[in-house]
Structures are given as C-alpha cells and as structure tokens.
>>> print(open('protein-v3.cif').read())   # mmCIF, C-alpha atoms
data_run
#
loop_
_atom_site.label_atom_id
_atom_site.label_comp_id
_atom_site.auth_asym_id
_atom_site.auth_seq_id
_atom_site.Cartn_x
_atom_site.Cartn_y
_atom_site.Cartn_z
CA MET A 1 -12.89 61.11 57.65
CA LYS A 2 -14.20 58.56 55.16
CA LYS A 3 -14.18 60.05 51.67
CA ASN A 4 -16.14 59.19 48.55
CA LEU A 5 -14.38 58.12 45.36
CA GLU A 6 -14.80 61.51 43.68
CA THR A 7 -12.99 63.21 46.57
CA ILE A 8 -10.27 60.55 46.69
CA CYS A 9 -9.61 61.12 42.97
CA ILE A 10 -8.68 64.71 43.77
CA HIS A 11 -7.31 64.65 47.32
CA GLY A 12 -6.10 61.08 47.83
CA GLY A 13 -2.45 60.26 48.45
CA TRP A 14 -1.10 63.79 48.97
CA LYS A 15 -2.08 66.11 51.82
CA PRO A 16 0.06 69.25 51.80
CA ARG A 17 1.04 70.79 55.10
CA LYS A 18 1.76 74.43 55.90
CA GLY A 19 3.75 76.03 53.11
CA GLU A 20 3.84 72.89 50.92
CA PRO A 21 2.67 72.84 47.29
CA GLN A 22 -1.01 72.19 46.68
CA GLN A 23 -0.17 69.99 43.70
CA LEU A 24 1.86 66.83 44.23
CA PRO A 25 5.52 67.71 43.51
CA ILE A 26 7.80 65.67 41.27
CA TYR A 27 10.69 64.27 43.29
CA GLN A 28 13.00 63.95 40.30
CA SER A 29 15.92 62.37 42.11
CA THR A 30 17.51 58.96 41.93
CA THR A 31 18.70 59.02 45.52
CA PHE A 32 18.08 60.55 48.94
CA ARG A 33 20.59 61.79 51.52
CA TYR A 34 20.99 60.62 55.12
CA GLU A 35 23.14 61.88 57.97
CA THR A 36 24.55 58.62 59.31
CA SER A 37 25.50 55.23 57.95
CA ASP A 38 23.20 53.54 60.46
CA GLN A 39 20.19 55.40 59.11
CA MET A 40 20.88 54.02 55.66
CA ALA A 41 21.58 50.52 56.99
CA ARG A 42 18.21 50.38 58.76
CA LEU A 43 16.46 51.23 55.51
CA PHE A 44 18.23 48.40 53.69
CA ASP A 45 17.26 45.99 56.49
CA LEU A 46 13.58 47.08 56.19
CA LYS A 47 13.66 48.18 59.83
CA ASP A 48 12.77 51.81 59.05
CA GLU A 49 10.56 53.43 56.42
CA GLY A 50 12.04 56.03 54.13
CA TYR A 51 13.52 56.77 50.74
CA PHE A 52 17.01 55.98 49.57
CA TYR A 53 16.78 54.97 45.90
CA THR A 54 13.94 55.60 43.44
CA ARG A 55 14.11 52.05 42.07
CA LEU A 56 12.58 50.93 45.37
CA ALA A 57 10.53 53.95 46.43
CA ASN A 58 9.97 57.58 45.54
CA PRO A 59 7.72 60.14 47.28
CA THR A 60 5.86 61.09 44.09
CA ASN A 61 5.25 57.47 43.13
CA ASP A 62 4.20 56.54 46.65
CA ALA A 63 1.66 59.37 46.89
CA VAL A 64 -0.01 58.22 43.67
CA ALA A 65 0.13 54.59 44.82
CA ARG A 66 -1.68 55.59 48.02
CA LYS A 67 -4.40 57.24 45.92
CA VAL A 68 -4.87 54.14 43.76
CA ALA A 69 -4.98 51.91 46.86
CA ALA A 70 -7.61 54.17 48.41
CA LEU A 71 -9.71 54.11 45.23
CA GLU A 72 -9.66 50.31 45.16
CA GLY A 73 -10.08 49.94 48.92
CA GLY A 74 -6.77 48.11 49.33
CA VAL A 75 -4.13 48.21 52.06
CA GLY A 76 -1.25 48.88 49.70
CA CYS A 77 -0.31 49.54 46.09
CA VAL A 78 2.88 49.33 44.05
CA LEU A 79 3.19 51.29 40.81
CA THR A 80 5.00 49.61 37.93
CA SER A 81 6.41 50.79 34.62
CA SER A 82 3.58 49.24 32.58
CA GLY A 83 0.41 47.19 32.85
CA GLN A 84 2.37 44.20 31.55
CA ALA A 85 4.82 44.60 34.42
CA ALA A 86 1.91 44.75 36.86
CA SER A 87 0.46 41.47 35.57
CA PHE A 88 3.89 39.84 35.67
CA TYR A 89 4.71 41.04 39.18
CA ALA A 90 1.30 40.13 40.58
CA VAL A 91 1.79 36.49 39.55
CA PHE A 92 5.56 36.21 39.95
CA ASN A 93 5.34 37.53 43.51
CA ILE A 94 3.78 34.21 44.57
CA CYS A 95 4.91 31.83 41.80
CA GLU A 96 8.34 30.38 41.09
CA ALA A 97 9.84 27.66 38.90
CA GLY A 98 7.78 24.49 39.20
CA ASP A 99 4.57 26.32 40.10
CA HIS A 100 1.32 26.55 38.19
CA PHE A 101 -1.56 29.01 38.00
CA VAL A 102 -4.91 29.28 36.25
CA SER A 103 -6.04 32.16 34.05
CA THR A 104 -9.23 32.85 32.18
CA ASN A 105 -8.62 32.68 28.44
CA ALA A 106 -10.40 35.91 27.45
CA ILE A 107 -7.61 38.31 28.38
CA TYR A 108 -5.42 40.89 26.66
CA GLY A 109 -3.22 39.31 23.98
CA GLY A 110 0.01 40.55 25.53
CA THR A 111 -0.95 39.04 28.88
CA TYR A 112 -1.92 35.78 27.19
CA ASN A 113 1.50 35.62 25.56
CA LEU A 114 3.22 36.52 28.84
CA PHE A 115 1.46 33.67 30.63
CA ALA A 116 1.60 31.09 27.85
CA VAL A 117 5.13 31.68 26.55
CA THR A 118 7.39 33.87 28.70
CA LEU A 119 6.45 32.55 32.14
CA LYS A 120 6.74 29.03 30.79
CA LYS A 121 10.41 29.78 30.04
CA LEU A 122 10.78 30.62 33.74
CA GLY A 123 9.30 27.26 34.72
CA ILE A 124 5.85 28.59 35.61
CA GLU A 125 2.97 26.91 33.80
CA CYS A 126 -0.44 28.44 33.13
CA THR A 127 -3.67 26.62 32.29
CA PHE A 128 -6.28 28.72 30.49
CA VAL A 129 -9.96 28.17 31.23
CA ASP A 130 -13.24 29.58 29.98
CA ALA A 131 -14.49 31.89 32.74
CA ASP A 132 -18.07 31.00 31.79
CA ALA A 133 -17.46 27.25 32.23
CA PRO A 134 -19.09 25.43 35.17
CA ASP A 135 -17.21 25.34 38.48
CA GLU A 136 -16.50 21.65 38.01
CA GLU A 137 -14.65 22.28 34.76
CA ILE A 138 -12.52 25.10 36.19
CA GLN A 139 -11.82 22.97 39.26
CA LYS A 140 -10.24 20.31 37.02
CA ALA A 141 -7.58 22.85 35.99
CA ILE A 142 -6.40 23.35 39.59
CA ARG A 143 -3.42 21.27 40.69
CA PRO A 144 -1.56 20.75 43.99
CA ASN A 145 1.07 23.29 42.83
CA THR A 146 -1.46 25.91 41.65
CA LYS A 147 -0.80 29.28 43.30
CA CYS A 148 -3.51 31.65 42.04
CA ILE A 149 -6.34 32.33 39.61
CA PHE A 150 -6.19 35.34 37.25
CA GLY A 151 -8.91 37.09 35.24
CA GLU A 152 -9.96 40.45 33.78
CA THR A 153 -13.03 42.25 35.12
CA ILE A 154 -13.91 43.20 31.55
CA SER A 155 -11.89 41.26 29.02
CA ASN A 156 -9.76 43.09 26.49
CA PRO A 157 -10.74 43.13 23.67
CA GLY A 158 -13.81 40.88 23.85
CA GLY A 159 -15.79 42.77 26.47
CA ASN A 160 -16.76 39.70 28.54
CA ILE A 161 -17.69 40.30 32.18
CA LEU A 162 -16.00 38.20 34.85
CA ASP A 163 -18.18 36.68 37.58
CA ILE A 164 -15.81 37.85 40.30
CA GLU A 165 -17.76 36.51 43.27
CA ARG A 166 -18.07 33.02 41.79
CA LEU A 167 -14.39 32.82 40.84
CA ALA A 168 -13.35 34.16 44.25
CA ARG A 169 -15.35 31.43 45.99
CA LEU A 170 -13.73 28.79 43.80
CA ALA A 171 -10.25 30.18 44.41
CA HIS A 172 -10.69 30.44 48.18
CA ARG A 173 -12.13 26.93 48.38
CA ASN A 174 -8.76 25.78 47.06
CA GLY A 175 -6.68 28.09 49.26
CA LEU A 176 -5.79 30.37 46.35
CA PRO A 177 -5.92 34.15 45.88
CA LEU A 178 -7.90 35.65 43.01
CA ILE A 179 -6.01 38.27 40.99
CA VAL A 180 -8.21 40.54 38.87
CA ASP A 181 -7.15 43.04 36.20
CA ASN A 182 -9.57 45.94 36.74
CA THR A 183 -8.24 48.22 34.00
CA PHE A 184 -11.39 48.75 31.96
CA PRO A 185 -14.05 49.52 34.58
CA THR A 186 -11.59 51.23 36.98
CA PRO A 187 -12.56 51.46 40.66
CA ILE A 188 -15.09 54.12 39.69
CA ASN A 189 -17.36 51.45 38.19
CA CYS A 190 -16.18 48.28 39.94
CA ARG A 191 -14.21 47.47 43.09
CA PRO A 192 -13.31 43.76 42.90
CA PHE A 193 -12.24 43.55 46.55
CA GLU A 194 -15.88 44.05 47.53
CA TRP A 195 -16.70 40.83 45.65
CA GLY A 196 -13.91 38.67 47.06
CA ALA A 197 -10.89 39.38 44.83
CA ASP A 198 -7.58 39.49 46.69
CA VAL A 199 -5.22 41.37 44.36
CA VAL A 200 -6.10 43.90 41.66
CA THR A 201 -3.90 44.99 38.76
CA HIS A 202 -4.20 47.94 36.39
CA SER A 203 -2.70 49.21 33.23
CA THR A 204 -2.73 52.82 34.43
CA THR A 205 -1.87 53.71 30.82
CA LYS A 206 -5.57 53.44 30.07
CA TYR A 207 -8.50 55.22 31.76
CA MET A 208 -6.59 56.14 34.90
CA ASP A 209 -4.20 58.28 32.85
CA GLY A 210 -6.90 59.02 30.31
CA HIS A 211 -4.81 61.15 27.96
CA ALA A 212 -2.26 58.72 26.47
CA THR A 213 0.64 60.55 28.10
CA GLN A 214 2.37 57.83 30.12
CA VAL A 215 2.77 54.07 30.31
CA GLY A 216 2.29 52.56 33.74
CA GLY A 217 0.75 49.86 35.87
CA ALA A 218 -0.34 49.15 39.43
CA VAL A 219 -0.65 46.17 41.75
CA VAL A 220 -3.06 46.63 44.66
CA ASP A 221 -3.41 44.22 47.59
CA SER A 222 -6.65 43.90 49.55
CA GLY A 223 -4.82 42.63 52.62
CA ASN A 224 -7.57 40.02 53.05
CA PHE A 225 -5.90 36.82 51.90
CA ASP A 226 -4.49 34.77 54.79
CA TRP A 227 -1.10 33.67 53.47
CA ASP A 228 -0.16 32.02 56.77
CA ALA A 229 -3.23 29.78 56.61
CA HIS A 230 -1.65 28.26 53.48
CA ALA A 231 1.98 28.70 54.54
CA ASP A 232 3.34 25.69 52.66
CA LYS A 233 1.84 26.96 49.40
CA PHE A 234 3.38 30.44 49.71
CA PRO A 235 6.85 30.02 51.24
CA GLY A 236 8.09 33.27 49.72
CA LEU A 237 5.78 35.16 52.05
CA THR A 238 5.62 32.84 55.06
CA LYS A 239 9.18 31.49 55.33
CA PRO A 240 12.39 33.41 56.16
CA ASP A 241 13.93 35.39 53.29
CA GLU A 242 17.68 34.84 53.43
CA SER A 243 18.30 37.90 51.24
CA TYR A 244 16.93 39.97 54.15
CA HIS A 245 18.66 38.24 57.08
CA GLY A 246 15.90 35.68 57.60
CA LEU A 247 13.03 38.17 57.72
CA THR A 248 9.54 36.66 57.25
CA TYR A 249 7.16 39.00 55.43
CA THR A 250 3.87 37.90 56.98
CA LYS A 251 5.31 38.10 60.49
CA SER A 252 7.06 41.44 60.00
CA PHE A 253 4.52 43.27 57.83
CA GLY A 254 1.13 41.59 58.37
CA LYS A 255 -1.40 42.73 55.79
CA LEU A 256 1.34 44.57 53.88
CA ALA A 257 3.38 41.38 53.37
CA TYR A 258 2.49 40.92 49.70
CA CYS A 259 3.30 44.53 48.69
CA THR A 260 6.45 44.66 50.80
CA LYS A 261 7.81 41.49 49.20
CA LEU A 262 6.95 42.79 45.74
CA VAL A 263 9.01 45.94 46.33
CA SER A 264 11.87 44.53 48.36
CA GLN A 265 12.44 41.51 46.10
CA LEU A 266 11.00 42.07 42.63
CA MET A 267 11.56 45.81 42.31
CA ARG A 268 14.96 45.42 43.91
CA ASP A 269 16.02 42.79 41.36
CA LEU A 270 13.98 43.63 38.24
CA GLY A 271 13.41 47.36 38.60
CA SER A 272 10.23 47.94 36.58
CA ILE A 273 9.51 51.29 38.19
CA PRO A 274 7.64 54.26 36.73
CA ALA A 275 9.51 57.55 36.47
CA PRO A 276 8.29 60.18 38.97
CA GLN A 277 7.29 62.33 35.99
CA ASN A 278 5.01 59.52 34.79
CA ALA A 279 3.47 59.16 38.24
CA PHE A 280 2.82 62.89 38.26
CA LEU A 281 1.02 62.69 34.90
CA LEU A 282 -0.97 59.70 36.13
CA ASN A 283 -2.06 61.72 39.15
CA LEU A 284 -3.38 64.50 36.91
CA GLY A 285 -5.44 61.91 35.07
CA LEU A 286 -6.80 60.43 38.28
CA GLU A 287 -8.14 63.83 39.34
CA THR A 288 -10.78 63.71 36.58
CA LEU A 289 -11.26 59.93 36.42
CA HIS A 290 -14.73 60.03 37.95
CA LEU A 291 -15.89 62.60 35.39
CA ARG A 292 -14.37 60.96 32.34
CA VAL A 293 -15.51 57.40 33.07
CA ALA A 294 -19.14 58.53 33.24
CA ARG A 295 -18.85 60.28 29.85
CA HIS A 296 -17.09 57.28 28.27
CA CYS A 297 -19.91 55.00 29.40
CA GLU A 298 -22.63 57.41 28.29
CA ASN A 299 -21.14 57.74 24.81
CA ALA A 300 -20.38 54.02 24.47
CA GLN A 301 -23.93 53.07 25.38
CA LYS A 302 -25.28 55.26 22.56
CA VAL A 303 -22.71 53.95 20.08
CA ALA A 304 -23.48 50.33 21.01
CA GLU A 305 -27.21 50.93 20.51
CA TRP A 306 -26.48 52.55 17.14
CA LEU A 307 -24.28 49.65 16.04
CA GLN A 308 -26.89 47.11 17.12
CA GLN A 309 -29.43 48.72 14.79
CA ASN A 310 -27.02 49.15 11.88
CA PRO A 311 -27.66 46.71 8.98
CA ARG A 312 -23.91 46.60 8.15
CA VAL A 313 -23.05 45.23 11.59
CA ALA A 314 -23.07 41.46 12.17
CA TRP A 315 -22.84 41.46 15.96
CA VAL A 316 -22.14 43.68 18.98
CA ASN A 317 -20.79 42.70 22.39
CA TYR A 318 -21.38 45.45 24.96
CA ALA A 319 -22.66 44.46 28.37
CA GLY A 320 -24.68 47.65 28.68
CA LEU A 321 -27.11 46.37 26.04
CA PRO A 322 -30.21 44.63 27.41
CA GLY A 323 -30.24 41.08 26.15
CA ASN A 324 -26.45 40.89 26.08
CA LYS A 325 -25.04 37.66 27.48
CA TYR A 326 -23.22 39.58 30.22
CA HIS A 327 -25.87 42.21 30.94
CA ALA A 328 -26.97 40.66 34.25
CA LEU A 329 -23.38 40.36 35.50
CA ALA A 330 -22.72 43.94 34.45
CA GLN A 331 -25.75 45.12 36.39
CA LYS A 332 -24.52 43.22 39.44
CA TYR A 333 -20.90 44.36 39.43
CA MET A 334 -21.09 47.64 37.49
CA PRO A 335 -24.57 49.16 37.86
CA ASN A 336 -23.30 52.64 36.92
CA GLY A 337 -21.77 51.48 33.63
CA THR A 338 -19.00 49.23 32.40
CA CYS A 339 -16.48 51.10 30.24
CA GLY A 340 -16.14 52.77 26.85
CA VAL A 341 -14.85 49.76 24.93
CA ILE A 342 -17.15 47.97 22.48
CA ALA A 343 -16.44 44.78 20.52
CA PHE A 344 -18.29 44.31 17.25
CA GLY A 345 -18.03 42.68 13.86
CA LEU A 346 -19.04 43.86 10.40
CA LYS A 347 -20.80 41.79 7.80
CA GLY A 348 -18.21 40.81 5.21
CA THR A 349 -14.56 39.86 5.22
CA ARG A 350 -11.52 40.82 7.28
CA GLU A 351 -10.61 43.15 4.42
CA ASP A 352 -13.96 44.91 4.84
CA ALA A 353 -13.11 45.58 8.48
CA ILE A 354 -9.73 47.02 7.47
CA ARG A 355 -11.38 49.18 4.78
CA PHE A 356 -13.88 50.53 7.32
CA MET A 357 -11.12 51.58 9.71
CA ASP A 358 -9.05 53.15 6.93
CA ASN A 359 -12.04 55.35 6.01
CA LEU A 360 -12.44 56.89 9.46
CA ASP A 361 -11.71 60.59 9.96
CA PHE A 362 -10.85 61.65 13.53
CA ILE A 363 -11.36 58.21 15.04
CA SER A 364 -7.79 56.93 15.18
CA ILE A 365 -6.28 53.53 14.40
CA VAL A 366 -3.93 53.02 17.34
CA THR A 367 -2.78 50.17 19.54
CA HIS A 368 -3.85 52.19 22.54
CA VAL A 369 -7.28 52.03 24.13
CA ALA A 370 -9.27 53.82 26.82
CA ASP A 371 -8.27 57.44 26.63
CA ALA A 372 -10.15 60.65 25.87
CA ARG A 373 -10.03 60.10 22.08
CA THR A 374 -12.15 57.58 20.23
CA CYS A 375 -9.92 54.95 18.66
CA VAL A 376 -10.26 51.65 16.86
CA LEU A 377 -8.26 48.46 16.38
CA HIS A 378 -8.58 45.11 14.62
CA PRO A 379 -6.97 42.77 17.21
CA ALA A 380 -6.49 39.80 14.87
CA SER A 381 -4.36 42.02 12.64
CA HIS A 382 -2.68 44.03 15.38
CA THR A 383 -2.45 43.29 19.13
CA HIS A 384 -3.24 39.57 18.78
CA ARG A 385 -1.50 38.90 15.46
CA GLN A 386 1.01 36.60 17.19
CA LEU A 387 -1.82 34.16 17.98
CA SER A 388 -3.08 31.45 15.63
CA ASP A 389 -6.75 31.31 14.66
CA GLU A 390 -7.22 28.54 17.22
CA GLN A 391 -5.54 30.62 19.93
CA LEU A 392 -7.64 33.62 18.91
CA ARG A 393 -10.80 31.62 19.46
CA GLU A 394 -9.47 30.31 22.78
CA ALA A 395 -8.80 33.90 23.84
CA GLY A 396 -12.33 34.93 22.88
CA VAL A 397 -11.19 37.01 19.90
CA ALA A 398 -13.11 36.48 16.69
CA PRO A 399 -11.19 37.13 13.45
CA ASP A 400 -13.69 39.86 12.53
CA LEU A 401 -13.67 41.53 15.96
CA ILE A 402 -13.20 45.30 15.90
CA ARG A 403 -12.35 46.97 19.21
CA LEU A 404 -13.84 50.43 19.38
CA SER A 405 -12.78 52.56 22.34
CA VAL A 406 -15.35 55.34 22.58
CA GLY A 407 -13.92 58.63 23.77
CA ILE A 408 -15.42 61.73 25.34
CA GLU A 409 -15.96 63.75 22.15
CA ASN A 410 -19.42 64.92 21.07
CA ILE A 411 -21.53 61.81 20.48
CA ASP A 412 -23.01 63.17 17.23
CA ASP A 413 -19.52 63.56 15.76
CA ILE A 414 -18.55 60.02 16.78
CA LEU A 415 -21.64 58.52 15.17
CA GLN A 416 -21.21 60.59 12.01
CA ASP A 417 -17.60 59.44 11.58
CA LEU A 418 -18.67 55.79 11.94
CA GLU A 419 -21.53 56.24 9.48
CA ASN A 420 -19.33 57.95 6.87
CA ALA A 421 -16.73 55.20 7.07
CA MET A 422 -19.32 52.47 6.66
CA GLN A 423 -20.84 54.17 3.65
CA LYS A 424 -17.42 54.12 1.93
CA MET A 425 -16.89 50.37 2.44
#
>>> encode(input="protein-v3.cif", output="structure tokens")
Amino acid sequence: MKKNLETICIHGGWKPRKGEPQQLPIYQSTTFRYETSDQMARLFDLKDEGYFYTRLANPTNDAVARKVAALEGGVGCVLTSSGQAASFYAVFNICEAGDHFVSTNAIYGGTYNLFAVTLKKLGIECTFVDADAPDEEIQKAIRPNTKCIFGETISNPGGNILDIERLARLAHRNGLPLIVDNTFPTPINCRPFEWGADVVTHSTTKYMDGHATQVGGAVVDSGNFDWDAHADKFPGLTKPDESYHGLTYTKSFGKLAYCTKLVSQLMRDLGSIPAPQNAFLLNLGLETLHLRVARHCENAQKVAEWLQQNPRVAWVNYAGLPGNKYHALAQKYMPNGTCGVIAFGLKGTREDAIRFMDNLDFISIVTHVADARTCVLHPASHTHRQLSDEQLREAGVAPDLIRLSVGIENIDDILQDLENAMQKM
C-alpha cells in the first residue's frame, strides 16, 4: 500500500509483528550472536544480510534509515553520526585523491570549510560556484576529473533557494550526480529526487529531530544515477573491490550499490555511526515532523512579514515573501512552505546586531538551528567566524546577517520578544 508522508512519518521503517513492541525498540548492543562460523563469514563477505557489529549495521538504526529513505523516495539510506559526516561521506564515497567536485558557495560554514580545507588535505579539490550564475559559467568549473556537484536546497544561513532541476540537468549532461543537502525544507516540503537530484543528505540534528536531543545525519540514494554508464569516472563502484574479494558493487547490488559501498567501506573504516539511542530519539522526532514543519513555516512567514515592515530592519531574505528574489523558485519546489529560518540584517553596525541578540528574552542565542524553540545567531561572529570577509561574501553571508530560526511557540510571544529587544538597542 502506497502511503502518504504523514503516515510514513509515524509508521515508516518499523512494522511490529505479533507480540512485538509497538514503538521501535533500542537494540543497545555492540554485537550480535550467530550459531556457526560460516554464518558470520557470509556476513563479512556481503553474501548474506544481517547484523554482526553496530559499527556497520544495527536494527534500530536501520529501521529509522528505512523511514528516512521512504520519506525522501529513495532506495536506501545510511544514518551517520552528524550532518557533517553525511556531507563528507556523500562526497568521499565517489571521490578520492586526485579528484575534483563542484559545490555551490552558499552553504553551511562547516561544510564550506570541510570542502575547502579538509578534503583538500586528502587530495580532493573543490571549486565553489554561484548557484545563480548562468549555466555557461558553472560549466567552466567542471573538469575531466570532476565527480559530482553539491548544493543545499535552502542555503544555511543565507536562505537562498537552489534551482534543483537546472543544476541536475547540468550535472547529468556531464555524467555527474547531483548531491543536495535537504536539511532545511525536509522531505515534507521538498523532495529533491522528484526534480532530478541523485543523492540527498540531511543533518537530522535539525528539523527531523526537532527537539535538539541528538546529533545525526543521513545520506539517501535515489537509485537513479547510472554509475555503469560512466564506469571509468566511478571505479570505486564499477570496478572490483579487492578488500571484498573482487566484488563489484554495481553488479552485486544494483540500485543499492552506492549505499552498500558507503557502509561496507566508509563505515567499516571510519565508523561515523549514530548510537541506537540517538536513532531512537530521531525516530520520535520524525513522528511529528509533518506537524511541526507546517507550524514553523506558518510562524516564520508572519515573522518575515513583520521584519519587512520594521523600520529598524535593513533587509530580509525569506523566500516566502512575495517579491523575494527566490520566491518563484520556492513556489516551484516548495509550494507548501520553505522552512522556519529567516536571514535578515539590522540598520547599524555589527555591534548593534550583537546588542539586539543580547536583549532577547526566551529567544536563545545558540549555534543550533531548526528545532522547536526560536533561536538566533550572528554567523559572522559564530558559525562562520573562521572565514575572512571575502570568504563570507563568497559564501553568501553578509557581515550583518542574523539567522533567526523561528520555532513553534505562540507567534505573539515571538514577535513581542523581537520588538522588546529592538527597542533596547
């Protein structure tokens, strides 16, 4: 039976049988017992499915991964220990030393640093492009050794909307997969696979969890990209893997090749797994995702309209506002709403922005974003402080940008807190 997203949020991934618990149980065990040595050997050779060590697979984690895959419409999903790990694994699964990939520049500061600095130390080079640039300009960034294109559905913290369909066409024209971080809209508001994306990542720490209780990530594969059609470009998937007795992932696992390689190689060797307890908490958050996302968007729309009319505010970037640069793209990809995150700037200095935030009452100054509580951050002073002013501009982060993550509290209380803080500036 085909189920709608609201039903998948509650019932996806875990279907209890007679006498089993209604709620997904926590399999809090590092290892799993077998009766014969051959049974264990077949698991290590990837000839049988099953559980033997939680670093590679765990029943609690797998049930939640199935739910996330179903929400996105993918063939498979791998949970990771953080959103950063998800971004790293998604790229590293198809890139190695000497390779290159392209990323849009308006992305989360931690991801920007991962791509620009850390991956470079591993011999993988990234070229950053403006997602709004013409196709011809982005095409110039693609090289013979380019392996993928990466972007965020809604950029963090700038709030720019990615033209997924256009970037997917460009990627596929060059034989490349498009990887999209879909953290902010979640699959409730946008499903990138329906617009041509091939791999989706999430920081499940954000809206999917929704309560700031666990750190996690997810990599979801659509199963649509034909790796064998570009076999020379992706040897890790299309050529024999000597660490698994010459097994070839695309031949042995078909549409699950990408996810299987991610687990059997990267998780095996790097081990960025979530604890089963964290997966359990994530699952609780997913059960109300469809309700919370709607309230976040409803509140954020009202706050954005209020900010736009406020004489103390210099600018507002929220794609839900008519006349916004990204409004048309938001209507195309996210007609039911974008997310609860607003980017805006105050008239005055950086110190004025800091003073405004210090005067807030229940709205919290935290590095986190996208949970039930309204929170605020000044990226240039916090999450992006490792970037120079030039890098900030390249990443689409203005020095005066304030990131406001609108929660699900009463809208009148949110607006009153903002007004009181501005009056004290």
>>> residues_around(input="protein-v3.cif", residues="stretch 212-229 of chain A", least_positions_apart="5", cutoff="7 Å", atoms="all atoms listed in the file", output="ChimeraX atom specification")
/A:69,73-83,85-86,90,177,193,198-205,234,238,255-256,259,274,278,281,371
>>> write_last_selection(input="protein-v3.cif", atoms="C-alpha atoms", output="short mmCIF file (atom, residue, chain, number, x, y, z; two decimals), in the coordinates of the input")
data_model
loop_
_atom_site.label_atom_id
_atom_site.label_comp_id
_atom_site.auth_asym_id
_atom_site.auth_seq_id
_atom_site.Cartn_x
_atom_site.Cartn_y
_atom_site.Cartn_z
CA ALA A 69 -4.98 51.91 46.86
CA GLY A 73 -10.08 49.94 48.92
CA GLY A 74 -6.77 48.11 49.33
CA VAL A 75 -4.13 48.21 52.06
CA GLY A 76 -1.25 48.88 49.70
CA CYS A 77 -0.31 49.54 46.09
CA VAL A 78 2.88 49.33 44.05
CA LEU A 79 3.19 51.29 40.81
CA THR A 80 5.00 49.61 37.93
CA SER A 81 6.41 50.79 34.62
CA SER A 82 3.58 49.24 32.58
CA GLY A 83 0.41 47.19 32.85
CA ALA A 85 4.82 44.60 34.42
CA ALA A 86 1.91 44.75 36.86
CA ALA A 90 1.30 40.13 40.58
CA PRO A 177 -5.92 34.15 45.88
CA PHE A 193 -12.24 43.55 46.55
CA ASP A 198 -7.58 39.49 46.69
CA VAL A 199 -5.22 41.37 44.36
CA VAL A 200 -6.10 43.90 41.66
CA THR A 201 -3.90 44.99 38.76
CA HIS A 202 -4.20 47.94 36.39
CA SER A 203 -2.70 49.21 33.23
CA THR A 204 -2.73 52.82 34.43
CA THR A 205 -1.87 53.71 30.82
CA PHE A 234 3.38 30.44 49.71
CA THR A 238 5.62 32.84 55.06
CA LYS A 255 -1.40 42.73 55.79
CA LEU A 256 1.34 44.57 53.88
CA CYS A 259 3.30 44.53 48.69
CA PRO A 274 7.64 54.26 36.73
CA ASN A 278 5.01 59.52 34.79
CA LEU A 281 1.02 62.69 34.90
CA ASP A 371 -8.27 57.44 26.63
#
>>> closest_residue(input="protein-v3.cif", among="A:Arg66, A:Ile342, A:Gln416, A:Asp241", to="A:Lys15", atoms="all atoms listed in the file")
A:Arg66
>>> residues_around(input="protein-v3.cif", residues="A:Asn336", least_positions_apart="5", cutoff="9 Å", atoms="only C-alpha atoms", output="ChimeraX atom specification")
/A:188-190,294,297,331
>>> resolve_selection(input="protein-v3.cif", expression="the PyMOL selection byres ((chain A and resi 285-293) around 8)", output="list in words")
Leu5, Glu6, Cys9, Ile10, Ile188, Tyr207, Met208, Asp209, Gly210, His211, Leu281, Leu282, Asn283, Leu284, Ala294, Arg295, His296, Cys297, Cys339, Gly340, Ala372 and Ile408 of chain A
>>> residues_around(input="protein-v3.cif", residues="A:Phe101", least_positions_apart="5", cutoff="7 Å", atoms="all atoms listed in the file", output="PyMOL selection string")
chain A and resi 125-127+146-149
>>> write_last_selection(input="protein-v3.cif", atoms="C-alpha atoms", output="mmCIF file, in the frame of the given file")
data_model
loop_
_atom_site.group_PDB
_atom_site.id
_atom_site.type_symbol
_atom_site.label_atom_id
_atom_site.label_comp_id
_atom_site.auth_asym_id
_atom_site.auth_seq_id
_atom_site.Cartn_x
_atom_site.Cartn_y
_atom_site.Cartn_z
ATOM 1 C CA GLU A 125 2.970 26.910 33.800
ATOM 2 C CA CYS A 126 -0.440 28.440 33.130
ATOM 3 C CA THR A 127 -3.670 26.620 32.290
ATOM 4 C CA THR A 146 -1.460 25.910 41.650
ATOM 5 C CA LYS A 147 -0.800 29.280 43.300
ATOM 6 C CA CYS A 148 -3.510 31.650 42.040
ATOM 7 C CA ILE A 149 -6.340 32.330 39.610
#
>>> atom_distance(input="protein-v3.cif", atom1="atom CA of A:Arg355", atom2="atom CA of A:Arg393")
22.9 Å
>>> build_atoms(input="protein-v3.cif", residues="stretch 140-151 of chain A", atoms="N, CA and C atoms", output="PDB file, in the coordinates of the input")
ATOM      1  N   LYS A 140     -11.127  21.328  37.598  1.00  0.00           N
ATOM      2  CA  LYS A 140     -10.240  20.310  37.020  1.00  0.00           C
ATOM      3  C   LYS A 140      -8.880  20.893  36.633  1.00  0.00           C
ATOM      4  N   ALA A 141      -8.840  22.219  36.400  1.00  0.00           N
ATOM      5  CA  ALA A 141      -7.580  22.850  35.990  1.00  0.00           C
ATOM      6  C   ALA A 141      -6.663  23.112  37.182  1.00  0.00           C
ATOM      7  N   ILE A 142      -7.187  23.042  38.396  1.00  0.00           N
ATOM      8  CA  ILE A 142      -6.400  23.350  39.590  1.00  0.00           C
ATOM      9  C   ILE A 142      -5.621  22.121  40.036  1.00  0.00           C
ATOM     10  N   ARG A 143      -4.331  22.353  40.312  1.00  0.00           N
ATOM     11  CA  ARG A 143      -3.420  21.270  40.690  1.00  0.00           C
ATOM     12  C   ARG A 143      -2.882  21.517  42.105  1.00  0.00           C
ATOM     13  N   PRO A 144      -2.173  20.534  42.666  1.00  0.00           N
ATOM     14  CA  PRO A 144      -1.560  20.750  43.990  1.00  0.00           C
ATOM     15  C   PRO A 144      -0.572  21.910  44.017  1.00  0.00           C
ATOM     16  N   ASN A 145       0.084  22.205  42.871  1.00  0.00           N
ATOM     17  CA  ASN A 145       1.070  23.290  42.830  1.00  0.00           C
ATOM     18  C   ASN A 145       0.504  24.590  42.250  1.00  0.00           C
ATOM     19  N   THR A 146      -0.818  24.685  42.136  1.00  0.00           N
ATOM     20  CA  THR A 146      -1.460  25.910  41.650  1.00  0.00           C
ATOM     21  C   THR A 146      -1.375  26.981  42.730  1.00  0.00           C
ATOM     22  N   LYS A 147      -1.024  28.207  42.325  1.00  0.00           N
ATOM     23  CA  LYS A 147      -0.800  29.280  43.300  1.00  0.00           C
ATOM     24  C   LYS A 147      -1.811  30.424  43.229  1.00  0.00           C
ATOM     25  N   CYS A 148      -2.538  30.561  42.129  1.00  0.00           N
ATOM     26  CA  CYS A 148      -3.510  31.650  42.040  1.00  0.00           C
ATOM     27  C   CYS A 148      -4.404  31.455  40.825  1.00  0.00           C
ATOM     28  N   ILE A 149      -5.461  32.249  40.776  1.00  0.00           N
ATOM     29  CA  ILE A 149      -6.340  32.330  39.610  1.00  0.00           C
ATOM     30  C   ILE A 149      -6.347  33.790  39.152  1.00  0.00           C
ATOM     31  N   PHE A 150      -6.279  33.995  37.831  1.00  0.00           N
ATOM     32  CA  PHE A 150      -6.190  35.340  37.250  1.00  0.00           C
ATOM     33  C   PHE A 150      -7.337  35.545  36.259  1.00  0.00           C
ATOM     34  N   GLY A 151      -7.883  36.753  36.226  1.00  0.00           N
ATOM     35  CA  GLY A 151      -8.910  37.090  35.240  1.00  0.00           C
ATOM     36  C   GLY A 151      -9.017  38.592  35.066  1.00  0.00           C
TER      37      GLY A 151
END
